[in-house]
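To start, the structure under review is shown below, and the notes come after it.
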Amino acid sequence: MNWITNYVRPTINSIFSRREVPDNLWSKCDECGTMLFHRELKDNLNVCTSCGHHMAITPRARFSALFDGGIFTEVKVPEPVTDPLHFRDQKKYPERMKSAQKSTGEKEAMLVATGEIGRTPIVAAAQDFSFMGGSMGMYVGNAIIAAAEEAVKLKRPLVLFSAAGGARMQEGILSLMQMPRTTVAVQMLKEASLPYIVVLTHPTTGGVTASYAMLGDVQIAEPNALICFAGPRVIEQTIREKLPEGFQRAEYLLDHGMLDRVTPRGKIREELITIIRMLLGMTPPVKGDLPAPAPDAAAVAPAKP
């Protein structure tokens, strides 16, 4: 009995015992509740494979899928003054910043990069909603100005992916001043005759919507993205009326002339390539990994005798 008790039973239990599964292997869709395997979700660009709901995606993951071969070069952004107002609510502002930096692995709420999409050079900027709600502070203003200056210097179009809850309250009036600063940055692109394309993602609200997010030459949005200045609950409480179905969502704004396109995340790259090359007067994009050979480089095969 000792042999059975001490060896056989523990061996059987170890084989059939339930193993612990890491928490980050599965994600639950916010819309339909389907449990999605992390690799499957990543391969589908954080779009639910069951209902098509577009979940949040980090700027680095977006850029890896956007740029050719996932290769891009970060653009340096000038550092603003740290905690200019010495703001404190439940936590000090520097403590909130450190917490956001630790959880996201990013320095701030916007990433700026250069690279090629479909062999077409561009400058791109993307907001990270997981970093303090993608809030627009002085760093975000500096990032957009740096992106615009880089685009003008390299004579490239600027593509911006917006995702924000509005201005950053911890920076007060200084965050609101980023609205005119970023508007001037967009004007720099227009004066240089360079395309400025905005892709609005869920959610894009507040002062971001009231400035650079709605100034694009072409306005594209992801499906069902909330795009507004004041949220629907605030409006309902103000006017005391029930709002229309889908109010302030991307499809509603498209129907009312506020947007040019509503495009699923998986098709945005190809659409951006087509639009940018068309606006720049370039030839249509070449399908495949390599560009078309130059006419003078094409070798003519000798005729067979």
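Identifiers in the structure tokens: chain A, B, ... in order shown; residue index from 1 per chain; ligand index from 1 in order shown.
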Those of stretch 115-167 of chain A in DSSP strand (DSSP E), formatted as a list in words: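 Of stretch 115-167 of chain A, the ones in strand (DSSP E) are Gly115, Glu116, Ile117, Thr120, Pro121, Ile122, Val123, Ala124, Ala125, Ala126, Gln127, Leu158, Val159, Leu160, Phe161, Ser162, Ala163 and Ala164 of chain A.
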Mind writing the picked residues with all heavy atoms as a short mmCIF file (atom, residue, chain, number, x, y, z; two decimals), in the first residue's frame?
```cif
data_model
loop_
_atom_site.label_atom_id
_atom_site.label_comp_id
_atom_site.auth_asym_id
_atom_site.auth_seq_id
_atom_site.Cartn_x
_atom_site.Cartn_y
_atom_site.Cartn_z
N GLY A 115 8.91 56.18 -41.47
CA GLY A 115 9.09 54.89 -42.13
C GLY A 115 8.39 54.89 -43.47
O GLY A 115 8.01 55.94 -43.99
N GLU A 116 8.19 53.69 -44.02
CA GLU A 116 7.53 53.56 -45.31
C GLU A 116 6.33 52.63 -45.19
O GLU A 116 6.37 51.63 -44.47
CB GLU A 116 8.49 53.00 -46.36
CG GLU A 116 9.65 53.93 -46.71
CD GLU A 116 10.51 53.38 -47.83
OE1 GLU A 116 10.36 52.18 -48.15
OE2 GLU A 116 11.32 54.14 -48.40
N ILE A 117 5.27 52.96 -45.89
CA ILE A 117 4.12 52.06 -46.04
C ILE A 117 3.90 51.86 -47.53
O ILE A 117 3.70 52.82 -48.27
CB ILE A 117 2.85 52.59 -45.34
CG1 ILE A 117 2.44 53.96 -45.86
CG2 ILE A 117 3.05 52.66 -43.84
CD1 ILE A 117 1.08 54.40 -45.36
N THR A 120 6.12 53.91 -49.59
CA THR A 120 5.81 55.33 -49.60
C THR A 120 6.25 55.94 -48.28
O THR A 120 5.71 55.60 -47.23
CB THR A 120 4.30 55.57 -49.80
OG1 THR A 120 3.83 54.81 -50.92
CG2 THR A 120 4.02 57.04 -50.03
N PRO A 121 7.25 56.84 -48.26
CA PRO A 121 7.73 57.41 -47.01
C PRO A 121 6.69 58.32 -46.35
O PRO A 121 6.06 59.15 -47.02
CB PRO A 121 8.97 58.22 -47.43
CG PRO A 121 9.32 57.73 -48.80
CD PRO A 121 8.03 57.32 -49.43
N ILE A 122 6.51 58.17 -45.05
CA ILE A 122 5.57 59.01 -44.30
C ILE A 122 6.14 59.31 -42.92
O ILE A 122 7.12 58.70 -42.47
CB ILE A 122 4.19 58.33 -44.13
CG1 ILE A 122 4.30 57.12 -43.19
CG2 ILE A 122 3.58 57.96 -45.46
CD1 ILE A 122 2.97 56.63 -42.65
N VAL A 123 5.48 60.24 -42.23
CA VAL A 123 5.67 60.46 -40.79
C VAL A 123 4.36 60.11 -40.13
O VAL A 123 3.28 60.48 -40.64
CB VAL A 123 6.07 61.92 -40.49
CG1 VAL A 123 6.18 62.14 -38.98
CG2 VAL A 123 7.38 62.29 -41.18
N ALA A 124 4.41 59.38 -39.04
CA ALA A 124 3.19 58.96 -38.35
C ALA A 124 3.26 59.29 -36.87
O ALA A 124 4.34 59.27 -36.27
CB ALA A 124 2.94 57.46 -38.54
N ALA A 125 2.11 59.60 -36.29
CA ALA A 125 1.99 59.85 -34.86
C ALA A 125 0.76 59.12 -34.34
O ALA A 125 -0.27 59.09 -35.03
CB ALA A 125 1.88 61.35 -34.57
N ALA A 126 0.86 58.52 -33.17
CA ALA A 126 -0.27 57.77 -32.62
C ALA A 126 -0.36 57.98 -31.12
O ALA A 126 0.66 57.99 -30.42
CB ALA A 126 -0.13 56.28 -32.93
N GLN A 127 -1.59 58.14 -30.65
CA GLN A 127 -1.83 58.32 -29.22
C GLN A 127 -2.11 56.98 -28.56
O GLN A 127 -2.69 56.08 -29.17
CB GLN A 127 -3.02 59.27 -28.99
CG GLN A 127 -2.64 60.73 -29.17
CD GLN A 127 -3.82 61.65 -28.96
OE1 GLN A 127 -4.60 61.87 -29.86
NE2 GLN A 127 -3.93 62.21 -27.77
N LEU A 158 1.88 63.48 -43.27
CA LEU A 158 1.74 63.11 -41.85
C LEU A 158 0.43 62.36 -41.66
O LEU A 158 -0.63 62.82 -42.08
CB LEU A 158 1.76 64.36 -40.96
CG LEU A 158 1.48 64.14 -39.47
CD1 LEU A 158 2.49 63.19 -38.85
CD2 LEU A 158 1.48 65.47 -38.72
N VAL A 159 0.54 61.19 -41.03
CA VAL A 159 -0.64 60.39 -40.69
C VAL A 159 -0.74 60.34 -39.18
O VAL A 159 0.23 59.96 -38.50
CB VAL A 159 -0.54 58.96 -41.26
CG1 VAL A 159 -1.76 58.14 -40.86
CG2 VAL A 159 -0.39 58.99 -42.78
N LEU A 160 -1.88 60.74 -38.63
CA LEU A 160 -2.04 60.79 -37.18
C LEU A 160 -3.20 59.89 -36.74
O LEU A 160 -4.29 59.96 -37.32
CB LEU A 160 -2.29 62.23 -36.73
CG LEU A 160 -2.33 62.44 -35.21
CD1 LEU A 160 -1.63 63.74 -34.84
CD2 LEU A 160 -3.77 62.47 -34.69
N PHE A 161 -2.95 59.07 -35.73
CA PHE A 161 -3.98 58.20 -35.14
C PHE A 161 -4.36 58.79 -33.78
O PHE A 161 -3.54 58.81 -32.85
CB PHE A 161 -3.44 56.78 -34.97
CG PHE A 161 -3.10 56.09 -36.26
CD1 PHE A 161 -1.85 56.28 -36.84
CD2 PHE A 161 -4.02 55.28 -36.89
CE1 PHE A 161 -1.51 55.65 -38.02
CE2 PHE A 161 -3.70 54.65 -38.08
CZ PHE A 161 -2.44 54.83 -38.66
N SER A 162 -5.57 59.26 -33.67
CA SER A 162 -6.01 59.92 -32.43
C SER A 162 -6.75 58.93 -31.53
O SER A 162 -7.49 58.07 -32.01
CB SER A 162 -6.92 61.11 -32.74
OG SER A 162 -8.10 60.66 -33.38
N ALA A 163 -6.54 59.06 -30.23
CA ALA A 163 -7.26 58.28 -29.22
C ALA A 163 -7.07 58.98 -27.90
O ALA A 163 -6.01 58.88 -27.29
CB ALA A 163 -6.74 56.85 -29.15
N ALA A 164 -8.08 59.72 -27.44
CA ALA A 164 -7.87 60.53 -26.25
C ALA A 164 -9.19 60.85 -25.56
O ALA A 164 -10.24 60.92 -26.18
CB ALA A 164 -7.16 61.84 -26.63
#
```
Residue set, stretch 160-198 of chain A restricted to alpha helix (DSSP H), as a PyMOL selection string: chain A and resi 172-176+178-191
Nearby residues (only C-alpha atoms) at most 7 Å from A:Pro195, same-chain spacing under 3 positions excluded, as a ChimeraX atom specification: /A:157-158,217,279
How would the residues just picked look written out with N, CA and C atoms as a tab-separated table (two decimals), in the first residue's frame?
```tsv
chain	number	residue	atom	x	y	z
A	157	PRO	N	4.13	63.21	-46.11
A	157	PRO	CA	2.81	63.40	-45.49
A	157	PRO	C	2.82	62.95	-44.03
A	158	LEU	N	1.88	63.48	-43.27
A	158	LEU	CA	1.74	63.11	-41.85
A	158	LEU	C	0.43	62.36	-41.66
A	217	ASP	N	-6.86	66.60	-44.02
A	217	ASP	CA	-7.32	66.69	-45.41
A	217	ASP	C	-8.25	65.53	-45.72
A	279	LEU	N	-2.76	61.56	-53.43
A	279	LEU	CA	-2.61	62.97	-53.08
A	279	LEU	C	-1.24	63.53	-53.49
```
Shell of 7 Å around stretch 76-80 of chain A, only C-alpha atoms, local chain residues under 4 positions omitted, as a list in words: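 The contact residues come out as Met138, Tyr139, Asn142, Ala143 and Ala146 of chain A.
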Shell of 8 Å around stretch 199-212 of chain A, only C-alpha atoms, local chain residues under 3 positions omitted, as a PyMOL selection string: chain A and resi 56+136+159-167+176+179-180+182-183+186+215-216+219-222+224-231
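Here atom CA of A:Lys155 is placed at a distance of 19.3 Å from atom CA of A:Pro284.
Each of A:Gly33, A:Pro232, A:Pro223, A:Ile57 was compared to A:Leu254 using only C-alpha atoms, and A:Pro223 turns out to be the nearest.
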